[in-house]
Amino acid sequence: MAEPRYLIDTHREFIERDGIPIVESFGIDLLHLGVEPWPRLGEVKGAYALTSGRGDFIDLYVLEIPPAGKTEPQKHLFEEVVYVLDGRGSTTIDGHSFEWGPRSLFALPLNAQYQHFNSSGQRPARLAAVTNLPLVLNAFHNEDFVFNNSFVFHERHGKYDGDGTFISVRPGRHMWETNFVPDLSSFKLYQWDARGAGSSNIMFVLANGTMHAHMSEMPVGTYKKAHRHGPDFHIFAVTGQGYSLYWYEHDRDFERFDWQHGAVFAPADRMFHQHFNTSPEPARYLAIAFGGLRYPFAEDKKKTFMGMDVSVKDGGRQIEYEDQDSRIHRIYREELARHGLEPRMAQLARAAAR
Ligand SMILES: [Fe+2]
């Protein structure tokens, strides 16, 4: 008799069969993560980078395409959001083609056929992709259904020419609908004072999908307010450098993660987290998660998108500056001094109030 099988994790079994490294940590340096040959995707290399705060629905991998190399054509019944870490190349999706470079963002629409190409003959290209493969594979546990499915989702295609549609909602919830953003470092953001001094952001609707992405910026000399929510928001540093503190309610001390381009981390479920810019340039970060503002999927995402900038004292999920632990501002002043910078929180708050 066969051994009884239980506690089956179809996704875990699947990624282990890929034979590439599987790294698990709170935060990971994706630019320097070791990669190994990944024959399932072609003559390329890869590694899974699983954050401890990833939750149940999504995973993350790094793909390295060798100089002048390409992936095999892929097609599957799960969604992917791709962030370009390094190098230049192009991607073809169901006949549409576009060129990407460092800090490009795009989505691979559900069950569309696509192929990535490295356009440099000298340098490898490195992409990071967040996918909802864990959700899909654990729900259907049938690889043939997920990877050899002929259904066409006509409503998932959007713009690949770098343009998009701005959808005005209200601060913190304005959306940009597209399938491709050429360069996050220069993308226009919209003021969002409720999240912190001088704060700005944009939400992305990519390929009309369920995956979420947004980008936020902290001006020089500022930090965001702390808040908390469910798991799976993967934070990618885009410009500048800084650090984030994270802790659970009632913890005595903070933990800290330092970041710059290439770093990713994901605060775990209900973990307070707060982001600090210590660089002489504005610090931008990209967040990718499962369940977006248009299709939140989970009740907790709805609450997050409505309550992320509302004080915990008013039933929301944010700690206002005046309610935060006094050590937080002191640590920040010391960090800035180390970098020869001054806080600019007060000036920016005054400017916002005018
Ligand atoms: Fe957050």
# chains A, B, ... in the order shown; residues from 1 in each chain; ligands from 1
>>> residues_around(residues="Thr222 (chain A)", least_positions_apart="5", cutoff="9 Å", atoms="only C-alpha atoms", output="list in words")
Gly196, Ala197, Gly198, Ser199, Phe276, Asn277, Thr278, Pro282, Tyr332, Pro343, Arg344, Met345 and Leu348 of chain A
>>> residues_near_ligand(ligand="ligand 1", cutoff="7 Å", atoms="only C-alpha atoms and all ligand atoms", output="list in words")
His227, Arg228, His229, Phe233 and His273 of chain A
>>> write_last_selection(atoms="N, CA, C and O atoms", output="short mmCIF file (atom, residue, chain, number, x, y, z; two decimals), in the first residue's frame")
data_model
loop_
_atom_site.label_atom_id
_atom_site.label_comp_id
_atom_site.auth_asym_id
_atom_site.auth_seq_id
_atom_site.Cartn_x
_atom_site.Cartn_y
_atom_site.Cartn_z
N HIS A 227 2.52 51.64 9.66
CA HIS A 227 1.19 51.04 9.57
C HIS A 227 1.35 49.52 9.51
O HIS A 227 2.46 48.99 9.53
N ARG A 228 0.22 48.83 9.48
CA ARG A 228 0.27 47.36 9.40
C ARG A 228 -0.92 46.86 8.61
O ARG A 228 -1.93 47.56 8.44
N HIS A 229 -0.78 45.65 8.11
CA HIS A 229 -1.84 45.03 7.31
C HIS A 229 -1.52 43.56 7.17
O HIS A 229 -0.59 43.07 7.83
N PHE A 233 2.74 41.96 0.84
CA PHE A 233 3.22 43.15 0.13
C PHE A 233 4.75 43.06 0.02
O PHE A 233 5.46 43.23 1.01
N HIS A 273 5.25 48.33 10.23
CA HIS A 273 6.48 48.61 9.49
C HIS A 273 6.49 50.09 9.12
O HIS A 273 5.44 50.72 8.96
#
>>> residues_around(residues="region 89-105 of chain A", least_positions_apart="4", cutoff="9 Å", atoms="only C-alpha atoms", output="PyMOL selection string")
chain A and resi 68+81-85+109+112-120+125-126+160-162+179-185+238
>>> write_last_selection(atoms="N, CA and C atoms", output="PDB file, in the first residue's frame")
ATOM      1  N   ALA A  68      22.584  38.036 -25.064  1.00  0.00           N
ATOM      2  CA  ALA A  68      21.954  37.626 -26.334  1.00  0.00           C
ATOM      3  C   ALA A  68      21.057  36.394 -26.184  1.00  0.00           C
ATOM      4  N   VAL A  81       3.855  39.691 -12.234  1.00  0.00           N
ATOM      5  CA  VAL A  81       4.286  41.082 -12.359  1.00  0.00           C
ATOM      6  C   VAL A  81       5.811  41.065 -12.353  1.00  0.00           C
ATOM      7  N   VAL A  82       6.402  41.675 -13.377  1.00  0.00           N
ATOM      8  CA  VAL A  82       7.853  41.608 -13.571  1.00  0.00           C
ATOM      9  C   VAL A  82       8.466  42.977 -13.324  1.00  0.00           C
ATOM     10  N   TYR A  83       9.528  43.008 -12.531  1.00  0.00           N
ATOM     11  CA  TYR A  83      10.291  44.225 -12.272  1.00  0.00           C
ATOM     12  C   TYR A  83      11.724  43.977 -12.744  1.00  0.00           C
ATOM     13  N   VAL A  84      12.227  44.866 -13.601  1.00  0.00           N
ATOM     14  CA  VAL A  84      13.559  44.667 -14.181  1.00  0.00           C
ATOM     15  C   VAL A  84      14.619  45.203 -13.212  1.00  0.00           C
ATOM     16  N   LEU A  85      15.497  44.315 -12.775  1.00  0.00           N
ATOM     17  CA  LEU A  85      16.551  44.704 -11.838  1.00  0.00           C
ATOM     18  C   LEU A  85      17.762  45.259 -12.576  1.00  0.00           C
ATOM     19  N   PRO A 109      -0.001  38.950 -18.923  1.00  0.00           N
ATOM     20  CA  PRO A 109      -1.447  38.711 -18.751  1.00  0.00           C
ATOM     21  C   PRO A 109      -1.767  37.215 -18.615  1.00  0.00           C
ATOM     22  N   ALA A 112      -1.486  34.402 -21.430  1.00  0.00           N
ATOM     23  CA  ALA A 112      -0.932  34.922 -22.692  1.00  0.00           C
ATOM     24  C   ALA A 112       0.395  34.213 -22.962  1.00  0.00           C
ATOM     25  N   GLN A 113       0.739  34.090 -24.247  1.00  0.00           N
ATOM     26  CA  GLN A 113       2.050  33.505 -24.565  1.00  0.00           C
ATOM     27  C   GLN A 113       3.095  34.611 -24.630  1.00  0.00           C
ATOM     28  N   TYR A 114       4.233  34.392 -23.974  1.00  0.00           N
ATOM     29  CA  TYR A 114       5.248  35.441 -23.913  1.00  0.00           C
ATOM     30  C   TYR A 114       6.649  34.844 -23.962  1.00  0.00           C
ATOM     31  N   GLN A 115       7.595  35.714 -24.317  1.00  0.00           N
ATOM     32  CA  GLN A 115       8.995  35.304 -24.404  1.00  0.00           C
ATOM     33  C   GLN A 115       9.874  36.509 -24.098  1.00  0.00           C
ATOM     34  N   HIS A 116      10.910  36.301 -23.264  1.00  0.00           N
ATOM     35  CA  HIS A 116      11.839  37.388 -22.913  1.00  0.00           C
ATOM     36  C   HIS A 116      13.139  37.243 -23.694  1.00  0.00           C
ATOM     37  N   PHE A 117      13.711  38.382 -24.098  1.00  0.00           N
ATOM     38  CA  PHE A 117      14.980  38.404 -24.843  1.00  0.00           C
ATOM     39  C   PHE A 117      15.937  39.392 -24.178  1.00  0.00           C
ATOM     40  N   ASN A 118      17.197  39.010 -24.057  1.00  0.00           N
ATOM     41  CA  ASN A 118      18.235  39.940 -23.626  1.00  0.00           C
ATOM     42  C   ASN A 118      18.835  40.573 -24.876  1.00  0.00           C
ATOM     43  N   SER A 119      18.759  41.908 -24.989  1.00  0.00           N
ATOM     44  CA  SER A 119      19.241  42.556 -26.219  1.00  0.00           C
ATOM     45  C   SER A 119      20.730  42.875 -26.164  1.00  0.00           C
ATOM     46  N   SER A 120      21.363  42.682 -25.013  1.00  0.00           N
ATOM     47  CA  SER A 120      22.805  42.942 -24.916  1.00  0.00           C
ATOM     48  C   SER A 120      23.585  41.672 -25.252  1.00  0.00           C
ATOM     49  N   ALA A 125      20.883  39.919 -18.276  1.00  0.00           N
ATOM     50  CA  ALA A 125      19.751  40.736 -17.806  1.00  0.00           C
ATOM     51  C   ALA A 125      19.116  39.993 -16.646  1.00  0.00           C
ATOM     52  N   ARG A 126      18.668  40.759 -15.647  1.00  0.00           N
ATOM     53  CA  ARG A 126      18.113  40.123 -14.450  1.00  0.00           C
ATOM     54  C   ARG A 126      16.723  40.691 -14.155  1.00  0.00           C
ATOM     55  N   TYR A 160       1.111  48.430 -24.288  1.00  0.00           N
ATOM     56  CA  TYR A 160       2.515  48.005 -24.198  1.00  0.00           C
ATOM     57  C   TYR A 160       3.462  49.081 -24.720  1.00  0.00           C
ATOM     58  N   ASP A 161       2.922  50.262 -25.091  1.00  0.00           N
ATOM     59  CA  ASP A 161       3.769  51.289 -25.711  1.00  0.00           C
ATOM     60  C   ASP A 161       4.307  52.280 -24.686  1.00  0.00           C
ATOM     61  N   GLY A 162       4.162  51.978 -23.399  1.00  0.00           N
ATOM     62  CA  GLY A 162       4.654  52.882 -22.366  1.00  0.00           C
ATOM     63  C   GLY A 162       3.611  53.879 -21.921  1.00  0.00           C
ATOM     64  N   ASN A 179      -0.042  47.935 -19.253  1.00  0.00           N
ATOM     65  CA  ASN A 179       0.638  46.649 -19.079  1.00  0.00           C
ATOM     66  C   ASN A 179       2.138  46.832 -18.951  1.00  0.00           C
ATOM     67  N   PHE A 180       2.611  48.081 -19.144  1.00  0.00           N
ATOM     68  CA  PHE A 180       4.057  48.308 -19.185  1.00  0.00           C
ATOM     69  C   PHE A 180       4.402  49.723 -18.751  1.00  0.00           C
ATOM     70  N   VAL A 181       5.284  49.847 -17.759  1.00  0.00           N
ATOM     71  CA  VAL A 181       5.821  51.139 -17.323  1.00  0.00           C
ATOM     72  C   VAL A 181       7.321  51.105 -17.610  1.00  0.00           C
ATOM     73  N   PRO A 182       7.812  51.947 -18.560  1.00  0.00           N
ATOM     74  CA  PRO A 182       9.223  51.831 -18.977  1.00  0.00           C
ATOM     75  C   PRO A 182      10.236  52.097 -17.877  1.00  0.00           C
ATOM     76  N   ASP A 183       9.963  53.107 -17.004  1.00  0.00           N
ATOM     77  CA  ASP A 183      10.971  53.452 -15.994  1.00  0.00           C
ATOM     78  C   ASP A 183      10.300  54.008 -14.744  1.00  0.00           C
ATOM     79  N   LEU A 184      10.291  53.215 -13.685  1.00  0.00           N
ATOM     80  CA  LEU A 184       9.625  53.653 -12.448  1.00  0.00           C
ATOM     81  C   LEU A 184      10.324  54.859 -11.829  1.00  0.00           C
ATOM     82  N   SER A 185      11.624  55.017 -12.081  1.00  0.00           N
ATOM     83  CA  SER A 185      12.353  56.082 -11.378  1.00  0.00           C
ATOM     84  C   SER A 185      11.909  57.472 -11.832  1.00  0.00           C
ATOM     85  N   VAL A 238      13.500  51.112  -5.199  1.00  0.00           N
ATOM     86  CA  VAL A 238      13.647  51.535  -6.599  1.00  0.00           C
ATOM     87  C   VAL A 238      14.727  52.611  -6.736  1.00  0.00           C
TER      88      VAL A 238
END
>>> closest_residue(among="A:Leu336, A:Ala128, A:Ala349, A:Ile58", to="His212 (chain A)", atoms="only C-alpha atoms")
A:Ile58
>>> closest_residue(among="A:Phe26, A:Asn111, A:Arg350, A:Leu137", to="Phe14 (chain A)", atoms="only C-alpha atoms")
A:Leu137
>>> residues_around(residues="Gly262 (chain A)", least_positions_apart="5", cutoff="7 Å", atoms="only C-alpha atoms", output="PDB file with N, CA and C atoms, in the first residue's frame")
ATOM      1  N   ASP A  29      18.657  40.254  -1.113  1.00  0.00           N
ATOM      2  CA  ASP A  29      19.322  41.088  -2.124  1.00  0.00           C
ATOM      3  C   ASP A  29      19.228  40.362  -3.469  1.00  0.00           C
ATOM      4  N   LEU A  30      18.302  40.787  -4.302  1.00  0.00           N
ATOM      5  CA  LEU A  30      18.020  40.060  -5.555  1.00  0.00           C
ATOM      6  C   LEU A  30      19.102  40.276  -6.608  1.00  0.00           C
ATOM      7  N   LEU A  31      19.827  41.398  -6.516  1.00  0.00           N
ATOM      8  CA  LEU A  31      20.874  41.664  -7.516  1.00  0.00           C
ATOM      9  C   LEU A  31      22.033  40.686  -7.376  1.00  0.00           C
ATOM     10  N   LEU A  85      15.497  44.315 -12.775  1.00  0.00           N
ATOM     11  CA  LEU A  85      16.551  44.704 -11.838  1.00  0.00           C
ATOM     12  C   LEU A  85      17.762  45.259 -12.576  1.00  0.00           C
ATOM     13  N   ALA A 237      13.036  48.199  -3.294  1.00  0.00           N
ATOM     14  CA  ALA A 237      13.631  49.533  -3.349  1.00  0.00           C
ATOM     15  C   ALA A 237      13.870  49.892  -4.814  1.00  0.00           C
TER      16      ALA A 237
END
>>> select_by_dssp(residues="region 61-96 of chain A", states="strand (DSSP E)", output="list in words")
Tyr61, Val62, Leu63, Glu64, Ile65, Glu80, Val81, Val82, Tyr83, Val84, Leu85, Asp86, Gly89, Ser90, Thr91, Thr92, Ile93 and His96 of chain A
>>> write_last_selection(atoms="N, CA and C atoms", output="PDB file, in the first residue's frame")
ATOM      1  N   TYR A  61      10.500  35.016  -7.965  1.00  0.00           N
ATOM      2  CA  TYR A  61      11.724  34.409  -8.483  1.00  0.00           C
ATOM      3  C   TYR A  61      12.566  35.447  -9.202  1.00  0.00           C
ATOM      4  N   VAL A  62      13.853  35.135  -9.320  1.00  0.00           N
ATOM      5  CA  VAL A  62      14.791  35.935 -10.100  1.00  0.00           C
ATOM      6  C   VAL A  62      15.129  35.137 -11.337  1.00  0.00           C
ATOM      7  N   LEU A  63      15.125  35.814 -12.483  1.00  0.00           N
ATOM      8  CA  LEU A  63      15.470  35.174 -13.754  1.00  0.00           C
ATOM      9  C   LEU A  63      16.676  35.904 -14.329  1.00  0.00           C
ATOM     10  N   GLU A  64      17.710  35.150 -14.682  1.00  0.00           N
ATOM     11  CA  GLU A  64      18.866  35.766 -15.345  1.00  0.00           C
ATOM     12  C   GLU A  64      18.967  35.214 -16.764  1.00  0.00           C
ATOM     13  N   ILE A  65      18.906  36.139 -17.744  1.00  0.00           N
ATOM     14  CA  ILE A  65      19.005  35.750 -19.154  1.00  0.00           C
ATOM     15  C   ILE A  65      20.425  36.084 -19.612  1.00  0.00           C
ATOM     16  N   GLU A  80       1.704  37.173 -13.452  1.00  0.00           N
ATOM     17  CA  GLU A  80       3.055  37.574 -13.061  1.00  0.00           C
ATOM     18  C   GLU A  80       3.196  39.067 -13.213  1.00  0.00           C
ATOM     19  N   VAL A  81       3.855  39.691 -12.234  1.00  0.00           N
ATOM     20  CA  VAL A  81       4.286  41.082 -12.359  1.00  0.00           C
ATOM     21  C   VAL A  81       5.811  41.065 -12.353  1.00  0.00           C
ATOM     22  N   VAL A  82       6.402  41.675 -13.377  1.00  0.00           N
ATOM     23  CA  VAL A  82       7.853  41.608 -13.571  1.00  0.00           C
ATOM     24  C   VAL A  82       8.466  42.977 -13.324  1.00  0.00           C
ATOM     25  N   TYR A  83       9.528  43.008 -12.531  1.00  0.00           N
ATOM     26  CA  TYR A  83      10.291  44.225 -12.272  1.00  0.00           C
ATOM     27  C   TYR A  83      11.724  43.977 -12.744  1.00  0.00           C
ATOM     28  N   VAL A  84      12.227  44.866 -13.601  1.00  0.00           N
ATOM     29  CA  VAL A  84      13.559  44.667 -14.181  1.00  0.00           C
ATOM     30  C   VAL A  84      14.619  45.203 -13.212  1.00  0.00           C
ATOM     31  N   LEU A  85      15.497  44.315 -12.775  1.00  0.00           N
ATOM     32  CA  LEU A  85      16.551  44.704 -11.838  1.00  0.00           C
ATOM     33  C   LEU A  85      17.762  45.259 -12.576  1.00  0.00           C
ATOM     34  N   ASP A  86      18.125  44.621 -13.687  1.00  0.00           N
ATOM     35  CA  ASP A  86      19.374  44.988 -14.364  1.00  0.00           C
ATOM     36  C   ASP A  86      19.335  44.509 -15.809  1.00  0.00           C
ATOM     37  N   GLY A  89      16.417  44.529 -22.546  1.00  0.00           N
ATOM     38  CA  GLY A  89      15.933  43.482 -23.428  1.00  0.00           C
ATOM     39  C   GLY A  89      14.537  43.796 -23.901  1.00  0.00           C
ATOM     40  N   SER A  90      13.866  42.774 -24.378  1.00  0.00           N
ATOM     41  CA  SER A  90      12.503  42.969 -24.859  1.00  0.00           C
ATOM     42  C   SER A  90      11.668  41.750 -24.484  1.00  0.00           C
ATOM     43  N   THR A  91      10.367  41.947 -24.504  1.00  0.00           N
ATOM     44  CA  THR A  91       9.433  40.859 -24.239  1.00  0.00           C
ATOM     45  C   THR A  91       8.357  40.899 -25.315  1.00  0.00           C
ATOM     46  N   THR A  92       7.994  39.731 -25.805  1.00  0.00           N
ATOM     47  CA  THR A  92       6.899  39.622 -26.762  1.00  0.00           C
ATOM     48  C   THR A  92       5.744  38.918 -26.058  1.00  0.00           C
ATOM     49  N   ILE A  93       4.558  39.531 -26.124  1.00  0.00           N
ATOM     50  CA  ILE A  93       3.370  38.958 -25.486  1.00  0.00           C
ATOM     51  C   ILE A  93       2.269  38.873 -26.533  1.00  0.00           C
ATOM     52  N   HIS A  96       2.540  41.322 -29.277  1.00  0.00           N
ATOM     53  CA  HIS A  96       2.961  42.688 -28.911  1.00  0.00           C
ATOM     54  C   HIS A  96       4.389  42.608 -28.396  1.00  0.00           C
TER      55      HIS A  96
END
>>> residues_around(residues="region 51-54 of chain A", least_positions_apart="2", cutoff="9 Å", atoms="only C-alpha atoms", output="compact mmCIF listing (two decimals) with all heavy atoms, in the first residue's frame")
# COMPACT_ATOMS: atom_id res chain seq x y z
N VAL A 23 15.69 30.33 -1.79
CA VAL A 23 16.20 31.09 -0.65
C VAL A 23 15.01 31.63 0.14
O VAL A 23 14.08 32.17 -0.47
CB VAL A 23 17.10 32.25 -1.13
CG1 VAL A 23 17.53 33.14 0.00
CG2 VAL A 23 18.31 31.69 -1.87
N GLU A 24 15.01 31.45 1.44
CA GLU A 24 13.91 31.96 2.26
C GLU A 24 14.48 32.87 3.34
O GLU A 24 15.36 32.48 4.09
CB GLU A 24 13.15 30.80 2.91
CG GLU A 24 12.55 29.88 1.88
CD GLU A 24 11.53 28.90 2.47
OE1 GLU A 24 10.47 29.37 2.95
OE2 GLU A 24 11.82 27.71 2.47
N SER A 25 13.94 34.11 3.40
CA SER A 25 14.46 35.08 4.36
C SER A 25 13.47 36.24 4.50
O SER A 25 12.59 36.40 3.65
CB SER A 25 15.81 35.61 3.86
OG SER A 25 16.37 36.48 4.79
N PHE A 26 13.62 37.06 5.53
CA PHE A 26 12.77 38.25 5.67
C PHE A 26 12.99 39.20 4.49
O PHE A 26 12.06 39.64 3.83
CB PHE A 26 13.06 38.99 6.97
CG PHE A 26 12.27 40.27 7.10
CD1 PHE A 26 10.95 40.24 7.51
CD2 PHE A 26 12.83 41.49 6.76
CE1 PHE A 26 10.20 41.41 7.58
CE2 PHE A 26 12.09 42.67 6.83
CZ PHE A 26 10.77 42.62 7.25
N GLY A 27 14.27 39.49 4.21
CA GLY A 27 14.63 40.36 3.10
C GLY A 27 15.76 39.74 2.30
O GLY A 27 16.58 39.00 2.84
N ILE A 28 15.81 40.03 1.00
CA ILE A 28 16.75 39.34 0.11
C ILE A 28 17.35 40.36 -0.87
O ILE A 28 16.63 41.21 -1.40
CB ILE A 28 16.04 38.21 -0.66
CG1 ILE A 28 15.47 37.18 0.33
CG2 ILE A 28 16.99 37.52 -1.65
CD1 ILE A 28 14.51 36.18 -0.27
N ALA A 49 13.10 33.35 -4.56
CA ALA A 49 13.41 34.22 -3.42
C ALA A 49 12.12 34.35 -2.61
O ALA A 49 11.24 35.14 -2.95
CB ALA A 49 13.89 35.58 -3.92
N ASP A 56 0.21 33.28 1.67
CA ASP A 56 -0.12 31.97 1.08
C ASP A 56 -0.25 31.98 -0.44
O ASP A 56 -0.29 30.92 -1.04
CB ASP A 56 -1.45 31.48 1.65
CG ASP A 56 -1.33 31.10 3.11
OD1 ASP A 56 -0.29 30.53 3.48
OD2 ASP A 56 -2.27 31.39 3.87
N PHE A 57 -0.37 33.15 -1.06
CA PHE A 57 -0.83 33.17 -2.45
C PHE A 57 0.24 33.44 -3.48
O PHE A 57 0.04 33.15 -4.65
CB PHE A 57 -1.94 34.22 -2.61
CG PHE A 57 -3.12 34.01 -1.71
CD1 PHE A 57 -3.71 35.08 -1.06
CD2 PHE A 57 -3.64 32.73 -1.52
CE1 PHE A 57 -4.80 34.89 -0.23
CE2 PHE A 57 -4.73 32.53 -0.69
CZ PHE A 57 -5.31 33.60 -0.05
N ILE A 58 1.35 34.06 -3.09
CA ILE A 58 2.32 34.48 -4.11
C ILE A 58 3.75 34.03 -3.81
O ILE A 58 4.08 33.73 -2.66
CB ILE A 58 2.28 36.01 -4.36
CG1 ILE A 58 2.59 36.80 -3.08
CG2 ILE A 58 0.96 36.43 -4.95
CD1 ILE A 58 2.59 38.31 -3.30
N ASP A 59 4.55 33.97 -4.86
CA ASP A 59 5.97 33.70 -4.70
C ASP A 59 6.76 34.72 -5.52
O ASP A 59 6.18 35.59 -6.17
CB ASP A 59 6.31 32.24 -5.10
CG ASP A 59 6.13 31.97 -6.59
OD1 ASP A 59 5.80 32.90 -7.36
OD2 ASP A 59 6.31 30.81 -7.00
N LEU A 60 8.07 34.58 -5.48
CA LEU A 60 8.96 35.52 -6.17
C LEU A 60 10.14 34.73 -6.72
O LEU A 60 10.67 33.87 -6.02
CB LEU A 60 9.43 36.58 -5.17
CG LEU A 60 10.64 37.46 -5.55
CD1 LEU A 60 10.37 38.32 -6.77
CD2 LEU A 60 10.99 38.36 -4.37
N PRO A 231 -0.31 39.97 5.13
CA PRO A 231 0.98 39.66 4.53
C PRO A 231 0.98 39.92 3.02
O PRO A 231 -0.03 40.33 2.46
CB PRO A 231 1.14 38.17 4.79
CG PRO A 231 -0.26 37.66 4.76
CD PRO A 231 -1.12 38.76 5.36
N ASP A 232 2.08 39.70 2.41
CA ASP A 232 2.33 39.52 0.97
C ASP A 232 2.68 40.78 0.18
O ASP A 232 2.95 40.70 -1.01
CB ASP A 232 1.26 38.65 0.30
CG ASP A 232 0.08 39.39 -0.38
OD1 ASP A 232 0.05 40.62 -0.41
OD2 ASP A 232 -0.80 38.68 -0.88
N PHE A 233 2.74 41.96 0.84
CA PHE A 233 3.22 43.15 0.13
C PHE A 233 4.75 43.06 0.02
O PHE A 233 5.46 43.23 1.01
CB PHE A 233 2.83 44.44 0.86
CG PHE A 233 1.40 44.85 0.63
CD1 PHE A 233 0.39 44.43 1.49
CD2 PHE A 233 1.06 45.64 -0.45
CE1 PHE A 233 -0.93 44.80 1.28
CE2 PHE A 233 -0.26 46.02 -0.67
CZ PHE A 233 -1.26 45.59 0.19
N HIS A 234 5.23 42.78 -1.19
CA HIS A 234 6.67 42.69 -1.43
C HIS A 234 7.19 44.08 -1.79
O HIS A 234 6.77 44.66 -2.79
CB HIS A 234 6.95 41.72 -2.58
CG HIS A 234 6.83 40.29 -2.17
ND1 HIS A 234 5.65 39.72 -1.76
CD2 HIS A 234 7.76 39.30 -2.10
CE1 HIS A 234 5.86 38.45 -1.45
NE2 HIS A 234 7.13 38.16 -1.65
N VAL A 264 14.57 43.32 -1.62
CA VAL A 264 13.13 43.09 -1.46
C VAL A 264 12.89 42.58 -0.05
O VAL A 264 13.73 41.89 0.53
CB VAL A 264 12.58 42.08 -2.50
CG1 VAL A 264 13.10 40.67 -2.23
CG2 VAL A 264 11.06 42.08 -2.52
N PHE A 265 11.75 42.95 0.52
CA PHE A 265 11.33 42.39 1.81
C PHE A 265 9.82 42.47 1.88
O PHE A 265 9.19 43.21 1.11
CB PHE A 265 11.99 43.11 2.99
CG PHE A 265 11.61 44.56 3.14
CD1 PHE A 265 10.66 44.96 4.07
CD2 PHE A 265 12.20 45.53 2.33
CE1 PHE A 265 10.30 46.29 4.20
CE2 PHE A 265 11.85 46.87 2.46
CZ PHE A 265 10.89 47.25 3.39
N ALA A 266 9.23 41.70 2.80
CA ALA A 266 7.77 41.69 2.94
C ALA A 266 7.41 41.61 4.42
O ALA A 266 7.66 40.60 5.06
CB ALA A 266 7.19 40.49 2.18
N PRO A 267 6.83 42.68 4.96
CA PRO A 267 6.37 42.62 6.35
C PRO A 267 5.33 41.51 6.50
O PRO A 267 4.48 41.33 5.63
CB PRO A 267 5.73 44.00 6.58
CG PRO A 267 6.34 44.89 5.53
CD PRO A 267 6.58 44.00 4.35
N ALA A 268 5.43 40.76 7.58
CA ALA A 268 4.50 39.64 7.78
C ALA A 268 3.15 40.14 8.27
O ALA A 268 2.96 41.34 8.53
CB ALA A 268 5.11 38.66 8.79
N ASP A 269 2.20 39.22 8.39
CA ASP A 269 0.84 39.54 8.80
C ASP A 269 0.81 40.35 10.10
O ASP A 269 1.37 39.92 11.10
CB ASP A 269 0.08 38.22 8.97
CG ASP A 269 -1.41 38.43 9.09
OD1 ASP A 269 -1.91 39.48 8.63
OD2 ASP A 269 -2.09 37.54 9.64
N ALA A 289 1.80 42.82 -4.63
CA ALA A 289 1.05 41.95 -3.72
C ALA A 289 -0.02 41.21 -4.52
O ALA A 289 -0.16 41.40 -5.73
CB ALA A 289 0.40 42.78 -2.61
>>> atom_distance(atom1="CA of Arg317 (chain A)", atom2="CA of Thr304 (chain A)")
7.5 Å
>>> closest_residue(among="A:Met203, A:Leu189, A:Met271, A:Leu135", to="Ile288 (chain A)", atoms="only C-alpha atoms")
A:Met203
>>> residues_around(residues="Ile20 (chain A)", least_positions_apart="4", cutoff="12 Å", atoms="only C-alpha atoms", output="count of residues only")
22
>>> atom_distance(atom1="CA of Phe78 (chain A)", atom2="CA of Lys302 (chain A)")
21.6 Å
>>> select_by_dssp(residues="region 13-240 of chain A", states="helix (DSSP H, G or I)", output="MDAnalysis selection string")
chainID A and resid 13:18 39:41 133:140 143:147 154:156 184:186 193:195
>>> atom_distance(atom1="CA of Glu79 (chain A)", atom2="CA of Arg5 (chain A)")
28.5 Å
>>> closest_residue(among="A:Leu127, A:Val146, A:Tyr243, A:Pro73", to="His11 (chain A)", atoms="only C-alpha atoms")
A:Val146
